[in-house]
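Only one structure is covered here, and it is reproduced in the block below.
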Amino acid sequence: MHVETRPLTGDSPGTTRHLTAYRFGQPGQGPSVYVQAGLHADEMPGVLVVQHLLTLLEAREANLAAEVVVVPLANPIGSAQWINGRPQGRNDLATMQNFNRGYPDLAELTGGDLAGVLTGDAAENCRLIRTAFGTALARAPVAGDLAEQRNVLMQWSHAADYVLDLHCDHRSILHLYASSTRPADTTALCRATGAGLALIAEVSGGHAFDEAHTAPWAALQQRFPDHPIPHATFATTLEYRGQFDVDDALAATDARNLMTFLAEIGTLTDWPDRPAHPDAPHLPLAGAGEVFAPTGGVVTWSVLPGALVAAGQVLAHVTHPATRTRLPVAAPNAGILFRAELWPSCLRGQSLGHVAGETIVRHGDLLAN
């Protein structure tokens, strides 16, 4: 194991932060893997999973067929941002930008460099493209800690065959987000981790970290149709249930399940477990209907995340304390109630949850801010 530390310059005089990566194994014949947690710095389940994963990787490093890079805390900026005793960590307080949006468009940065360079061999083009990605990131200007943090994370991850970004939701089942380009890998990850749902989108909007690794390959395929370019990176956002699902026993099981996925894709050898969870549905992210509060007040749920619901089914009620009005909250579509907001209080018109279904019900940017 090798530990790499990269300092962030510090926007304010007298302040510095740093990012840390743990590198296991060596570049080899198997697929390389990058794992990070805590990009939304108020989401701790994945951070704890990574701690248990590091222990397993240390014990099994001799069985790695390729390099595995693990960043246990991907957002030191957000980790320090607390207000009135509560962690923030989702949006940078200095800019109000979401820490998981606005990553560099690698296809745009490298398209000109690749013109006239690509060959008729897909594997060679993959190597050329990843080299171009690394060169572009190294020369990219970084104005401020947030841009520098994004750049360092991309420098560490851009050449990986698999990129796993560990998050959580407010209250939810274990689920994941992925592109439509590599469904077999999505299925394998669901069966290894126990994810109950895969939300699929070609482009979800906002250029989140996972999509910053998959979208460039599709864009370069369109720009250079006469050259074979693979979908070389499988990237996903894994949502490890809800914010309060922080438990050592659960995290240890989740870490072992990640090791099972590494074995399934050929990165890890001599691992005893195989993916044993049921197949999960792959549903369009655009089919995730949003549930809104009809009034401000107190939210009481009658259906828990993970339930199959019918269109129009009452999922919750909102009680207005002053008028004693109690209004129902109905499912906008049929599907799986996979997430709900954490707080039992709400404002009128506020988003309360999402129901994932097969029919497209949303368009445009599909990710919440």
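Chains: A, B, ... in order of the structure tokens. Residues: from 1 per chain. Ligands: from 1, in order shown.
When the distance limit is 8 Å and only C-alpha atoms are what count, the residues near Ala178 in chain A, minus those fewer than 5 positions from it on the same chain, are Thr186, Ala198, Leu199, Ile200, Ala201, Asp210, Ala235, Thr236 and Thr237 of chain A.
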Taking only residues of range 206-303 of chain A that have an atom at most 8 Å from an atom of range 311-328 of chain A, what is each one's shortest atom pair and its distance in Å to one decimal, using only C-alpha atoms, in chain and number order, as a Markdown table?
| residue | atom | partner | partner_atom | distance |
| --- | --- | --- | --- | --- |
| A:Ala293 | CA | A:Val318 | CA | 7.0 |
| A:Pro294 | CA | A:Leu327 | CA | 6.9 |
| A:Thr295 | CA | A:Val318 | CA | 6.7 |
| A:Gly296 | CA | A:His320 | CA | 6.2 |
| A:Gly297 | CA | A:His320 | CA | 4.6 |
| A:Val298 | CA | A:Thr319 | CA | 5.1 |
| A:Val299 | CA | A:Val318 | CA | 4.6 |
| A:Thr300 | CA | A:His317 | CA | 5.4 |
| A:Trp301 | CA | A:Ala316 | CA | 4.1 |
| A:Ser302 | CA | A:Ala316 | CA | 5.2 |
| A:Val303 | CA | A:Leu315 | CA | 5.2 |
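The closest residue to Arg101 in chain A, picked from A:Ala307, A:Ala59, A:Leu337, A:Ala208 and counting only C-alpha atoms, is A:Ala208.
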Using only C-alpha atoms, which protein or nucleic acid residues come within 6 Å of range 192-194 of chain A? Drop anything in the same chain fewer than 6 positions from it, and give the result as a compact mmCIF listing (two decimals) with C-alpha atoms, in the first residue's frame.
# COMPACT_ATOMS: atom_id res chain seq x y z
CA ASN A 257 -19.82 -6.83 -0.77
CA PHE A 261 -17.71 -6.91 -6.83
CA PRO A 275 -22.74 -11.94 -5.88
CA HIS A 277 -28.35 -10.66 -4.03
To test your reading of the structure, identify every residue in range 171-336 of chain A that backbone DSSP assigns to helix (DSSP H, G or I), and report it as a count of residues only.
45
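Near Phe99 in chain A, within 8 Å and counting only C-alpha atoms, sit Leu39, His40, Asn75, Gly78, Gly89, Arg90, Asn91, Asp92 and Leu146 of chain A, not including residues fewer than 5 positions from it in the same chain.
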Running DSSP on the backbone, which parts of range 23-106 of chain A land in strand (DSSP E or B), as a ChimeraX atom specification?
/A:23-24,33-37,64,68-71,82-83,86-87,91,98
Nearest to Gln221 in chain A among A:Leu93, A:Val355, A:Leu114, A:Ala65, with distances taken over only C-alpha atoms: which residue is it?
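Closest candidate: A:Leu114.
Of the listed residues (A:Phe292, A:Phe224, A:Phe133, A:Tyr177), A:Phe133 comes nearest to His158 in chain A; the distances count only C-alpha atoms.
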List the neighbours of range 160-162 of chain A out to 8 Å using only C-alpha atoms; skip same-chain residues closer than 5 positions along the sequence, and give me the result as an MDAnalysis selection string.
chainID A and resid 31:34 232:235
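The interatomic distance for the pair CA of His282 in chain A and CA of Val50 in chain A works out to 25.4 Å.
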Which is closer to Glu124 in chain A than all the others in A:Glu358, A:Pro228, A:Ala280, A:Arg348, using only C-alpha atoms?
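Residue with the minimum atom-to-atom distance to Glu124 in chain A: A:Pro228.
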Nearest to Gly46 in chain A, restricted to only C-alpha atoms and choosing among A:Val246, A:Val70, A:Ile83, A:Cys190, comes out as A:Val246
Could you list, as a PyMOL selection string, every residue within 7 Å of range 3-12 of chain A, counting only C-alpha atoms and ignoring same-chain residues fewer than 2 positions away?
chain A and resi 1+14-23+144-145+148-149
Atomic separation - CA of Pro27 in chain A relative to CA of Val152 in chain A, Å:
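Between CA of Val152 in chain A and CA of Pro27 in chain A the gap works out to 19.6 Å.
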My list of candidates is A:Ile173, A:Ala212, A:Ala218, A:Leu197. Which is closest to Asn100 in chain A when distances are computed with only C-alpha atoms?
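Distance minimum relative to Asn100 in chain A lands on A:Ala212.
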